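Okay, coords.pdb is below, PDB, C-alpha atoms:
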```pdb
ATOM      1  CA  LYS A   1     -15.008  -9.775 -11.509
ATOM      2  CA  ARG A   2     -12.527  -9.375 -14.322
ATOM      3  CA  GLY A   3      -9.352  -7.370 -14.514
ATOM      4  CA  TYR A   4      -6.662  -6.844 -17.090
ATOM      5  CA  ALA A   5      -2.906  -6.679 -16.656
ATOM      6  CA  TYR A   6      -0.098  -5.627 -18.946
ATOM      7  CA  GLN A   7       3.408  -6.830 -18.202
ATOM      8  CA  GLY A   8       6.258  -6.007 -20.562
ATOM      9  CA  VAL A   9       9.229  -6.387 -18.222
ATOM     10  CA  ALA A  10      11.034  -9.327 -16.667
ATOM     11  CA  ASN A  11       9.081 -10.166 -13.544
ATOM     12  CA  ILE A  12       6.205 -12.437 -12.575
ATOM     13  CA  SER A  13       3.439 -10.005 -11.756
ATOM     14  CA  VAL A  14       0.694 -11.762 -13.700
ATOM     15  CA  GLY A  15      -0.416 -14.826 -11.746
ATOM     16  CA  LEU A  16      -0.888 -18.183 -13.462
ATOM     17  CA  ILE A  17       1.295 -17.154 -16.417
ATOM     18  CA  ASP A  18       4.796 -18.609 -16.559
ATOM     19  CA  SER A  19       6.425 -16.200 -18.995
ATOM     20  CA  ASP A  20       6.630 -12.506 -19.821
ATOM     21  CA  ILE A  21       3.741 -11.068 -21.826
ATOM     22  CA  ASN A  22       3.463  -8.047 -24.073
ATOM     23  CA  ALA A  23      -0.278  -7.708 -24.417
ATOM     24  CA  SER A  24      -3.187  -7.370 -22.022
ATOM     25  CA  VAL A  25      -4.444 -10.598 -20.476
ATOM     26  CA  GLU A  26      -7.594 -11.255 -18.511
ATOM     27  CA  ILE A  27      -7.387 -11.993 -14.795
ATOM     28  CA  ARG A  28     -10.503 -13.293 -13.069
ATOM     29  CA  VAL A  29     -10.957 -12.103  -9.492
ATOM     30  CA  VAL A  30     -13.683 -13.891  -7.568
ATOM     31  CA  SER A  31     -14.902 -11.028  -5.398
ATOM     32  CA  SER A  32     -15.012  -7.257  -5.033
ATOM     33  CA  LEU A  33     -12.846  -7.442  -1.910
ATOM     34  CA  PRO A  34      -9.352  -5.903  -1.686
ATOM     35  CA  PHE A  35      -7.289  -5.649  -4.848
ATOM     36  CA  SER A  36      -4.040  -3.794  -5.413
ATOM     37  CA  ALA A  37      -0.999  -4.071  -7.657
ATOM     38  CA  ALA A  38       2.300  -2.213  -7.901
ATOM     39  CA  ASN A  39       5.986  -2.686  -8.723
ATOM     40  CA  GLY A  40       5.977  -6.406  -9.371
ATOM     41  CA  GLY A  41       3.334  -7.671  -6.931
ATOM     42  CA  ALA A  42      -0.443  -8.082  -6.916
ATOM     43  CA  PHE A  43      -2.996  -8.766  -4.157
ATOM     44  CA  PHE A  44      -6.642  -9.797  -4.179
ATOM     45  CA  GLY A  45      -9.231 -10.999  -1.673
ATOM     46  CA  ASP A  46     -11.493 -14.005  -2.167
ATOM     47  CA  GLY A  47     -13.921 -13.381   0.682
ATOM     48  CA  ASP A  48     -12.017 -15.236   3.402
ATOM     49  CA  GLU A  49      -8.334 -14.753   2.617
ATOM     50  CA  LEU A  50      -5.957 -12.310   0.987
ATOM     51  CA  TRP A  51      -3.843 -13.730  -1.837
ATOM     52  CA  ALA A  52      -0.802 -12.398  -3.674
ATOM     53  CA  TRP A  53       1.771 -13.233  -6.294
ATOM     54  CA  GLY A  54       4.761 -11.596  -7.956
ATOM     55  CA  GLN A  55       8.126 -10.304  -6.858
ATOM     56  CA  SER A  56       8.918 -10.221  -3.145
ATOM     57  CA  SER A  57      12.704 -10.011  -3.037
ATOM     58  CA  SER A  58      15.219  -7.511  -4.363
ATOM     59  CA  ASN A  59      17.501  -4.886  -2.916
ATOM     60  CA  TYR A  60      14.393  -2.809  -2.258
ATOM     61  CA  MET A  61      11.462  -5.138  -1.572
ATOM     62  CA  SER A  62      12.276  -7.613   1.228
ATOM     63  CA  GLY A  63       9.033  -9.502   1.653
ATOM     64  CA  MET A  64       6.335  -7.038   0.596
ATOM     65  CA  LEU A  65       3.923  -9.895  -0.168
ATOM     66  CA  GLY A  66       3.708 -10.575   3.570
ATOM     67  CA  TYR A  67       3.624 -14.374   3.513
ATOM     68  CA  GLY A  68       6.762 -15.132   5.518
ATOM     69  CA  SER A  69       9.338 -15.344   2.722
ATOM     70  CA  ASP A  70      11.149 -12.988   0.381
ATOM     71  CA  LEU A  71      10.849 -15.444  -2.525
ATOM     72  CA  GLY A  72       8.735 -14.326  -5.466
ATOM     73  CA  ARG A  73       5.649 -16.360  -6.348
ATOM     74  CA  LYS A  74       4.425 -17.210  -9.840
ATOM     75  CA  TYR A  75       1.035 -18.307  -8.523
ATOM     76  CA  PRO A  76      -1.285 -16.773  -5.896
ATOM     77  CA  VAL A  77      -0.536 -17.757  -2.287
ATOM     78  CA  PRO A  78      -2.347 -16.797   0.956
ATOM     79  CA  VAL A  79      -0.735 -13.744   2.571
ATOM     80  CA  PHE A  80      -1.244 -11.593   5.698
ATOM     81  CA  GLN A  81      -2.664 -14.720   7.319
ATOM     82  CA  SER A  82      -2.099 -13.446  10.858
ATOM     83  CA  VAL A  83      -4.415 -10.471  10.202
ATOM     84  CA  ASP A  84      -8.189 -10.908  10.504
ATOM     85  CA  SER A  85     -10.933  -9.168   8.523
ATOM     86  CA  ILE A  86      -8.873  -7.207   5.985
ATOM     87  CA  SER A  87     -11.020  -4.614   4.230
ATOM     88  CA  ALA A  88      -8.390  -2.894   2.056
ATOM     89  CA  ILE A  89      -4.871  -3.522   0.766
ATOM     90  CA  SER A  90      -2.406  -1.141  -0.871
ATOM     91  CA  ALA A  91       0.789  -2.259  -2.616
ATOM     92  CA  GLY A  92       3.601   0.292  -2.700
ATOM     93  CA  GLY A  93       7.003   0.323  -4.310
ATOM     94  CA  SER A  94       8.636  -1.943  -1.739
ATOM     95  CA  HIS A  95       6.077  -2.539   1.015
ATOM     96  CA  SER A  96       2.376  -3.142   1.455
ATOM     97  CA  LEU A  97      -0.282  -1.888   3.868
ATOM     98  CA  ALA A  98      -3.467  -3.626   4.965
ATOM     99  CA  LEU A  99      -6.485  -2.106   6.709
ATOM    100  CA  THR A 100      -8.826  -4.213   8.833
ATOM    101  CA  GLU A 101     -12.544  -3.754   9.344
ATOM    102  CA  ASN A 102     -11.946  -2.337  12.824
ATOM    103  CA  GLY A 103      -9.455   0.226  11.538
ATOM    104  CA  GLU A 104      -6.105  -1.381  12.354
ATOM    105  CA  VAL A 105      -3.175  -0.815   9.974
ATOM    106  CA  TRP A 106      -0.655  -3.561   9.199
ATOM    107  CA  GLY A 107       2.488  -3.429   7.077
ATOM    108  CA  ALA A 108       4.985  -5.815   5.486
ATOM    109  CA  GLY A 109       8.107  -5.527   3.365
ATOM    110  CA  ARG A 110      10.943  -3.048   3.070
ATOM    111  CA  ASN A 111      11.238  -0.794   6.103
ATOM    112  CA  TYR A 112      14.335   1.324   5.473
ATOM    113  CA  TYR A 113      12.365   4.519   6.168
ATOM    114  CA  LEU A 114      10.123   2.838   8.780
ATOM    115  CA  GLN A 115       7.283   2.949   6.261
ATOM    116  CA  ALA A 116       6.076  -0.610   6.877
ATOM    117  CA  ALA A 117       6.728  -1.668  10.441
ATOM    118  CA  GLY A 118       7.916   1.134  12.676
ATOM    119  CA  GLY A 119      11.336   0.447  14.160
ATOM    120  CA  SER A 120      11.402  -3.334  13.721
ATOM    121  CA  GLY A 121      13.342  -3.541  10.434
ATOM    122  CA  ASP A 122      12.202  -5.194   7.214
ATOM    123  CA  SER A 123       9.342  -7.611   7.800
ATOM    124  CA  LEU A 124       8.428 -10.787   5.913
ATOM    125  CA  THR A 125       5.184 -11.030   7.887
ATOM    126  CA  PRO A 126       2.623  -8.350   8.824
ATOM    127  CA  VAL A 127       3.413  -5.961  11.672
ATOM    128  CA  ASN A 128       0.797  -3.822  13.403
ATOM    129  CA  ILE A 129       1.571  -0.119  12.857
ATOM    130  CA  ASN A 130       1.019   2.331  15.690
ATOM    131  CA  THR A 131      -1.566   4.889  14.522
ATOM    132  CA  GLN A 132      -2.617   6.087  17.982
ATOM    133  CA  GLU A 133      -1.881   9.726  17.130
ATOM    134  CA  ALA A 134      -4.633   9.591  14.509
ATOM    135  CA  VAL A 135      -8.344   9.394  15.341
ATOM    136  CA  GLY A 136      -9.602   5.851  14.912
ATOM    137  CA  PRO A 137     -10.899   3.892  13.298
ATOM    138  CA  ILE A 138      -8.658   4.454  10.261
ATOM    139  CA  LYS A 139     -10.689   4.692   7.046
ATOM    140  CA  ALA A 140      -8.112   4.279   4.265
ATOM    141  CA  VAL A 141      -4.489   3.322   3.624
ATOM    142  CA  GLU A 142      -2.183   4.088   0.725
ATOM    143  CA  ALA A 143       1.347   2.738   0.214
ATOM    144  CA  GLY A 144       3.704   4.796  -1.916
ATOM    145  CA  GLN A 145       7.358   4.583  -2.887
ATOM    146  CA  SER A 146       8.860   3.975   0.579
ATOM    147  CA  SER A 147       6.125   6.129   2.117
ATOM    148  CA  SER A 148       2.767   5.457   3.773
ATOM    149  CA  TYR A 149      -0.489   7.416   4.163
ATOM    150  CA  ILE A 150      -3.712   6.943   6.118
ATOM    151  CA  ILE A 151      -7.017   8.798   6.416
ATOM    152  CA  ASP A 152      -8.443   8.818   9.936
ATOM    153  CA  ALA A 153     -12.032   8.894  11.210
ATOM    154  CA  ASN A 154     -12.107  12.709  11.130
ATOM    155  CA  GLY A 155     -10.962  12.854   7.522
ATOM    156  CA  SER A 156      -7.457  14.009   8.457
ATOM    157  CA  LEU A 157      -4.517  12.810   6.376
ATOM    158  CA  TRP A 158      -1.393  11.335   7.993
ATOM    159  CA  ALA A 159       1.903  10.163   6.499
ATOM    160  CA  TRP A 160       5.326   8.746   7.330
ATOM    161  CA  GLY A 161       8.383   7.212   5.661
ATOM    162  CA  SER A 162      10.588   8.549   2.877
ATOM    163  CA  ASN A 163      10.034  12.231   2.153
ATOM    164  CA  TYR A 164      11.957  12.582  -1.091
ATOM    165  CA  SER A 165      10.892  15.748  -2.938
ATOM    166  CA  GLY A 166       8.511  16.554  -0.080
ATOM    167  CA  ARG A 167       6.163  13.732  -1.009
ATOM    168  CA  LEU A 168       4.765  13.534   2.543
ATOM    169  CA  GLY A 169       3.520  17.127   2.543
ATOM    170  CA  VAL A 170       4.783  17.922   6.039
ATOM    171  CA  GLY A 171       6.680  21.119   5.186
ATOM    172  CA  HIS A 172      10.189  19.666   4.751
ATOM    173  CA  SER A 173      11.941  16.880   2.847
ATOM    174  CA  ASN A 174      13.470  14.888   5.730
ATOM    175  CA  PRO A 175      12.334  11.296   6.383
ATOM    176  CA  VAL A 176       9.524  10.949   8.939
ATOM    177  CA  ASP A 177       9.714   7.949  11.274
ATOM    178  CA  SER A 178       6.279   8.125  12.901
ATOM    179  CA  VAL A 179       2.690   8.731  11.833
ATOM    180  CA  THR A 180       2.471  12.514  11.275
ATOM    181  CA  ARG A 181      -0.507  14.676  10.382
ATOM    182  CA  ILE A 182      -0.447  16.647   7.122
ATOM    183  CA  ASP A 183      -1.652  20.203   7.733
ATOM    184  CA  PHE A 184      -2.894  21.999   4.660
ATOM    185  CA  PRO A 185      -2.104  25.731   4.227
ATOM    186  CA  ILE A 186      -5.715  26.485   3.319
ATOM    187  CA  SER A 187      -8.959  25.194   4.781
ATOM    188  CA  VAL A 188     -10.138  21.895   3.313
ATOM    189  CA  GLY A 189     -12.967  19.540   4.110
ATOM    190  CA  GLU A 190     -12.463  15.947   5.160
ATOM    191  CA  ILE A 191      -9.985  14.071   2.994
ATOM    192  CA  VAL A 192     -11.869  11.287   1.233
ATOM    193  CA  GLN A 193      -9.220   9.857  -1.099
ATOM    194  CA  ILE A 194      -5.432   9.809  -1.428
ATOM    195  CA  SER A 195      -3.341   8.697  -4.392
ATOM    196  CA  VAL A 196       0.456   8.669  -4.441
ATOM    197  CA  ALA A 197       3.135   8.242  -7.091
ATOM    198  CA  SER A 198       6.919   7.896  -6.838
ATOM    199  CA  SER A 199       7.582  11.461  -5.668
ATOM    200  CA  HIS A 200       4.261  13.274  -5.255
ATOM    201  CA  ALA A 201       0.752  12.804  -3.875
ATOM    202  CA  LEU A 202      -2.817  13.930  -4.563
ATOM    203  CA  ALA A 203      -5.710  14.203  -2.113
ATOM    204  CA  LEU A 204      -9.407  14.777  -2.735
ATOM    205  CA  ASP A 205     -11.509  16.550  -0.099
ATOM    206  CA  SER A 206     -15.209  16.414   0.689
ATOM    207  CA  LEU A 207     -15.842  20.017  -0.389
ATOM    208  CA  GLY A 208     -15.442  19.108  -4.030
ATOM    209  CA  MET A 209     -13.251  22.156  -4.676
ATOM    210  CA  GLY A 210     -10.527  20.198  -6.461
ATOM    211  CA  GLY A 211      -7.598  18.037  -5.473
ATOM    212  CA  ARG A 212      -4.635  18.947  -3.296
ATOM    213  CA  TYR A 213      -1.173  18.292  -4.714
ATOM    214  CA  TRP A 214       2.308  18.248  -3.205
ATOM    215  CA  GLY A 215       5.754  16.765  -3.788
TER     216      GLY A 215
END
```
Step by step, read the file and then write its structure as structure tokens.
Amino acid sequence: KRGYAYQGVANISVGLIDSDINASVEIRVVSSLPFSAANGGAFFGDGDELWAWGQSSSNYMSGMLGYGSDLGRKYPVPVFQSVDSISAISAGGSHSLALTENGEVWGAGRNYYLQAAGGSGDSLTPVNINTQEAVGPIKAVEAGQSSSYIIDANGSLWAWGSNYSGRLGVGHSNPVDSVTRIDFPISVGEIVQISVASSHALALDSLGMGGRYWG
């Protein structure tokens, strides 16, 4: 597979390139397994392992690459090595979430709002996140700006972490420290996709009646 990256600021988000770039460059990814990039870091799967490169340390990041250090990496390194059978990865603003084939959710990185690892503080290595309130197995994960989202087996949407501007969609703007279901004011089908930005989120349901927006 091939991908393209554009990097016009001073970080190291494009692996195998040792300087800033101001034009698109080709990145070759060797499989269709997990791939995600955000805020200075990038992840991809090669069939057996998850790899990452980019920034991992700042006042806000604290190990989001999940390889045991908060040092940035200019070249891809194996990450989330303690987690087996990763099927999806999502890179947020300061943390990352991984989903396994059996529906477990793991997080690494900044945890100021408990978005990555529950109550255990920032984590340089993956921590299993308690999703027992949701119906397993979990089908999708999405990491936002200090916030986290999952879609459970019933197509329900759950969220936790920073709730700036109401980005979690739980009816208030206070931080949420545990996995909490998002209840929509009107009837929707199963949620099939979630996409989040710095202060808002969008969800697509199975009824095909349009997206749901909040934040």
Selection in question (the file shown): the PyMOL selection byres ((chain A and resi 122) around 6). Which residues does it include, as a PyMOL selection string?
chain A and resi 109-111+121+123
Quick one: residues within 10 Å of Trp158 (chain A), all atoms listed in the file counted, chain neighbours fewer than 2 positions away excluded, as a PyMOL selection string?
chain A and resi 131+133-134+141+148-152+155-156+160+168-170+178-183
Could you tell me, as a PyMOL selection string, exactly which residues end up selected when the PyMOL selection byres ((chain A and resi 201) around 12) is applied to this structure?
chain A and resi 142-145+147-149+157+159+163-170+182+193-200+202-204+211-215
Saved selection, atoms kept: C-alpha atoms, as a tab-separated table (two decimals), in the coordinates of the input:
```
chain	number	residue	atom	x	y	z
A	142	GLU	CA	-2.18	4.09	0.72
A	143	ALA	CA	1.35	2.74	0.21
A	144	GLY	CA	3.70	4.80	-1.92
A	145	GLN	CA	7.36	4.58	-2.89
A	147	SER	CA	6.12	6.13	2.12
A	148	SER	CA	2.77	5.46	3.77
A	149	TYR	CA	-0.49	7.42	4.16
A	157	LEU	CA	-4.52	12.81	6.38
A	159	ALA	CA	1.90	10.16	6.50
A	163	ASN	CA	10.03	12.23	2.15
A	164	TYR	CA	11.96	12.58	-1.09
A	165	SER	CA	10.89	15.75	-2.94
A	166	GLY	CA	8.51	16.55	-0.08
A	167	ARG	CA	6.16	13.73	-1.01
A	168	LEU	CA	4.76	13.53	2.54
A	169	GLY	CA	3.52	17.13	2.54
A	170	VAL	CA	4.78	17.92	6.04
A	182	ILE	CA	-0.45	16.65	7.12
A	193	GLN	CA	-9.22	9.86	-1.10
A	194	ILE	CA	-5.43	9.81	-1.43
A	195	SER	CA	-3.34	8.70	-4.39
A	196	VAL	CA	0.46	8.67	-4.44
A	197	ALA	CA	3.14	8.24	-7.09
A	198	SER	CA	6.92	7.90	-6.84
A	199	SER	CA	7.58	11.46	-5.67
A	200	HIS	CA	4.26	13.27	-5.26
A	202	LEU	CA	-2.82	13.93	-4.56
A	203	ALA	CA	-5.71	14.20	-2.11
A	204	LEU	CA	-9.41	14.78	-2.74
A	211	GLY	CA	-7.60	18.04	-5.47
A	212	ARG	CA	-4.64	18.95	-3.30
A	213	TYR	CA	-1.17	18.29	-4.71
A	214	TRP	CA	2.31	18.25	-3.20
A	215	GLY	CA	5.75	16.76	-3.79
```
Just say which residues the PyMOL selection byres ((chain A and resi 87) around 8) picks in this file, as a ChimeraX atom specification.
/A:33-34,85-86,88-89,98-101
Can you tell me, as JSON, the centre and edge lengths (Å, one decimal) of the axis-aligned box enclosing all of region 192-196 of chain A's listed atoms after padding each side by 5 Å?
```
{"center_x": -5.7, "center_y": 10.0, "center_z": -1.6, "size_x": 22.3, "size_y": 12.6, "size_z": 15.7}
```
To one decimal in Å, tell me the separation between CA of Ser94 (chain A) and CA of Lys74 (chain A).
17.8 Å
Please compute the CA of Asp84 (chain A)-CA of Met64 (chain A) distance, one decimal, in Å.
18.0 Å
Polymer residues at most 7 Å from Leu50 (chain A), all atoms listed in the file, same-chain spacing of 5 or more positions, as a list of chain:residue names:
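My reading of the contact set: A:Phe43, A:Phe44, A:Gly45, A:Pro78, A:Val79, A:Phe80.
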Next, write the just-selected residues to a file, as a short mmCIF file (atom, residue, chain, number, x, y, z; two decimals), in the frame of the given file, keeping C-alpha atoms as the atom set.
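For reference, out_0.cif as written:
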```cif
data_model
loop_
_atom_site.label_atom_id
_atom_site.label_comp_id
_atom_site.auth_asym_id
_atom_site.auth_seq_id
_atom_site.Cartn_x
_atom_site.Cartn_y
_atom_site.Cartn_z
CA PHE A 43 -3.00 -8.77 -4.16
CA PHE A 44 -6.64 -9.80 -4.18
CA GLY A 45 -9.23 -11.00 -1.67
CA PRO A 78 -2.35 -16.80 0.96
CA VAL A 79 -0.74 -13.74 2.57
CA PHE A 80 -1.24 -11.59 5.70
#
```
In Å to one decimal, how far is CA of Gln81 (chain A) from CA of Val127 (chain A)?
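Separation of CA of Val127 (chain A) and CA of Gln81 (chain A): 11.5 Å.
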Could you list, as number ranges by chain, every residue within 7 Å of Val77 (chain A), counting only C-alpha atoms and ignoring same-chain residues fewer than 2 positions away?
A: 51-53, 75, 79
Got a sec: who's within 8 Å of Val135 (chain A), counting all atoms listed in the file, leaving out chain neighbours fewer than 3 positions off, as a list of chain:residue names?
A:Gln132, A:Ile138, A:Asp152, A:Ala153, A:Asn154
Shortest interatomic distance to Ser146 (chain A) - which of A:Arg73, A:Gly92, A:Asn130, A:Leu124, counting only C-alpha atoms
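The closest residue to Ser146 (chain A) is A:Gly92.
Distances to Ser62 (chain A) were evaluated for A:Gly93, A:His172, A:Ser206, A:Ile186 using only C-alpha atoms, and the minimum falls at A:Gly93.
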Go ahead and find all residues with at least one atom no further than 9 Å from (8.8, -12.8, 3.0) in the file's coordinates, using all atoms listed in the file; report them as a PyMOL selection string.
chain A and resi 56-57+62-72+108-109+123-125
Using only C-alpha atoms, which of A:Pro76, A:Pro137, A:Gly189, A:Gly161 sits nearest Asn102 (chain A)?
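Nearest to Asn102 (chain A): A:Pro137.
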Please supply region 167-178 of chain A, rebuilt with all heavy atoms, as a PDB file, in the frame of the given file.
```pdb
ATOM      1  N   ARG A 167       7.355  14.514  -0.660  1.00  0.00           N
ATOM      2  CA  ARG A 167       6.163  13.732  -1.009  1.00  0.00           C
ATOM      3  C   ARG A 167       5.192  13.536   0.151  1.00  0.00           C
ATOM      4  O   ARG A 167       4.023  13.206  -0.067  1.00  0.00           O
ATOM      5  CB  ARG A 167       6.580  12.367  -1.553  1.00  0.00           C
ATOM      6  CG  ARG A 167       7.142  11.446  -0.513  1.00  0.00           C
ATOM      7  CD  ARG A 167       7.547  10.102  -1.087  1.00  0.00           C
ATOM      8  NE  ARG A 167       8.777  10.197  -1.845  1.00  0.00           N
ATOM      9  CZ  ARG A 167       9.449   9.124  -2.295  1.00  0.00           C
ATOM     10  NH1 ARG A 167       8.983   7.911  -2.059  1.00  0.00           N
ATOM     11  NH2 ARG A 167      10.561   9.259  -2.970  1.00  0.00           N
ATOM     12  N   LEU A 168       5.661  13.723   1.392  1.00  0.00           N
ATOM     13  CA  LEU A 168       4.765  13.534   2.543  1.00  0.00           C
ATOM     14  C   LEU A 168       3.924  14.774   2.844  1.00  0.00           C
ATOM     15  O   LEU A 168       2.935  14.686   3.575  1.00  0.00           O
ATOM     16  CB  LEU A 168       5.569  13.152   3.790  1.00  0.00           C
ATOM     17  CG  LEU A 168       6.336  11.835   3.735  1.00  0.00           C
ATOM     18  CD1 LEU A 168       7.004  11.561   5.074  1.00  0.00           C
ATOM     19  CD2 LEU A 168       5.430  10.674   3.347  1.00  0.00           C
ATOM     20  N   GLY A 169       4.321  15.923   2.336  1.00  0.00           N
ATOM     21  CA  GLY A 169       3.520  17.127   2.543  1.00  0.00           C
ATOM     22  C   GLY A 169       3.558  17.671   3.949  1.00  0.00           C
ATOM     23  O   GLY A 169       2.585  18.284   4.410  1.00  0.00           O
ATOM     24  N   VAL A 170       4.688  17.476   4.640  1.00  0.00           N
ATOM     25  CA  VAL A 170       4.783  17.922   6.039  1.00  0.00           C
ATOM     26  C   VAL A 170       5.649  19.171   6.197  1.00  0.00           C
ATOM     27  O   VAL A 170       6.028  19.536   7.311  1.00  0.00           O
ATOM     28  CB  VAL A 170       5.321  16.792   6.941  1.00  0.00           C
ATOM     29  CG1 VAL A 170       4.302  15.670   7.033  1.00  0.00           C
ATOM     30  CG2 VAL A 170       6.662  16.276   6.438  1.00  0.00           C
ATOM     31  N   GLY A 171       5.981  19.844   5.106  1.00  0.00           N
ATOM     32  CA  GLY A 171       6.680  21.119   5.186  1.00  0.00           C
ATOM     33  C   GLY A 171       8.184  21.042   5.094  1.00  0.00           C
ATOM     34  O   GLY A 171       8.869  22.068   5.173  1.00  0.00           O
ATOM     35  N   HIS A 172       8.750  19.827   4.930  1.00  0.00           N
ATOM     36  CA  HIS A 172      10.189  19.666   4.751  1.00  0.00           C
ATOM     37  C   HIS A 172      10.412  18.395   3.938  1.00  0.00           C
ATOM     38  O   HIS A 172       9.454  17.714   3.546  1.00  0.00           O
ATOM     39  CB  HIS A 172      10.904  19.594   6.100  1.00  0.00           C
ATOM     40  CG  HIS A 172      10.423  18.492   6.991  1.00  0.00           C
ATOM     41  ND1 HIS A 172      10.770  17.161   6.821  1.00  0.00           N
ATOM     42  CD2 HIS A 172       9.577  18.512   8.061  1.00  0.00           C
ATOM     43  CE1 HIS A 172      10.196  16.422   7.726  1.00  0.00           C
ATOM     44  NE2 HIS A 172       9.449  17.208   8.502  1.00  0.00           N
ATOM     45  N   SER A 173      11.663  18.055   3.668  1.00  0.00           N
ATOM     46  CA  SER A 173      11.941  16.880   2.847  1.00  0.00           C
ATOM     47  C   SER A 173      12.752  15.822   3.592  1.00  0.00           C
ATOM     48  O   SER A 173      13.336  14.929   2.978  1.00  0.00           O
ATOM     49  CB  SER A 173      12.696  17.288   1.573  1.00  0.00           C
ATOM     50  OG  SER A 173      13.908  17.944   1.898  1.00  0.00           O
ATOM     51  N   ASN A 174      12.777  15.890   4.930  1.00  0.00           N
ATOM     52  CA  ASN A 174      13.470  14.888   5.730  1.00  0.00           C
ATOM     53  C   ASN A 174      12.575  13.670   5.969  1.00  0.00           C
ATOM     54  O   ASN A 174      11.350  13.812   6.051  1.00  0.00           O
ATOM     55  CB  ASN A 174      13.886  15.475   7.079  1.00  0.00           C
ATOM     56  CG  ASN A 174      14.829  16.647   6.934  1.00  0.00           C
ATOM     57  OD1 ASN A 174      15.739  16.624   6.104  1.00  0.00           O
ATOM     58  ND2 ASN A 174      14.613  17.693   7.737  1.00  0.00           N
ATOM     59  N   PRO A 175      13.153  12.480   6.079  1.00  0.00           N
ATOM     60  CA  PRO A 175      12.334  11.296   6.383  1.00  0.00           C
ATOM     61  C   PRO A 175      11.553  11.486   7.684  1.00  0.00           C
ATOM     62  O   PRO A 175      12.005  12.168   8.607  1.00  0.00           O
ATOM     63  CB  PRO A 175      13.370  10.171   6.516  1.00  0.00           C
ATOM     64  CG  PRO A 175      14.548  10.652   5.753  1.00  0.00           C
ATOM     65  CD  PRO A 175      14.577  12.137   5.937  1.00  0.00           C
ATOM     66  N   VAL A 176      10.388  10.859   7.760  1.00  0.00           N
ATOM     67  CA  VAL A 176       9.524  10.949   8.939  1.00  0.00           C
ATOM     68  C   VAL A 176       9.333   9.536   9.475  1.00  0.00           C
ATOM     69  O   VAL A 176       8.857   8.648   8.763  1.00  0.00           O
ATOM     70  CB  VAL A 176       8.167  11.583   8.585  1.00  0.00           C
ATOM     71  CG1 VAL A 176       7.226  11.556   9.778  1.00  0.00           C
ATOM     72  CG2 VAL A 176       8.367  13.009   8.093  1.00  0.00           C
ATOM     73  N   ASP A 177       9.705   9.310  10.745  1.00  0.00           N
ATOM     74  CA  ASP A 177       9.714   7.949  11.274  1.00  0.00           C
ATOM     75  C   ASP A 177       8.508   7.589  12.117  1.00  0.00           C
ATOM     76  O   ASP A 177       8.469   6.517  12.720  1.00  0.00           O
ATOM     77  CB  ASP A 177      10.997   7.694  12.071  1.00  0.00           C
ATOM     78  CG  ASP A 177      11.142   8.631  13.270  1.00  0.00           C
ATOM     79  OD1 ASP A 177      10.196   9.375  13.570  1.00  0.00           O
ATOM     80  OD2 ASP A 177      12.219   8.604  13.893  1.00  0.00           O
ATOM     81  N   SER A 178       7.504   8.446  12.172  1.00  0.00           N
ATOM     82  CA  SER A 178       6.279   8.125  12.901  1.00  0.00           C
ATOM     83  C   SER A 178       5.089   8.751  12.186  1.00  0.00           C
ATOM     84  O   SER A 178       5.245   9.676  11.369  1.00  0.00           O
ATOM     85  CB  SER A 178       6.350   8.624  14.349  1.00  0.00           C
ATOM     86  OG  SER A 178       6.503  10.030  14.389  1.00  0.00           O
TER      87      SER A 178
END
```
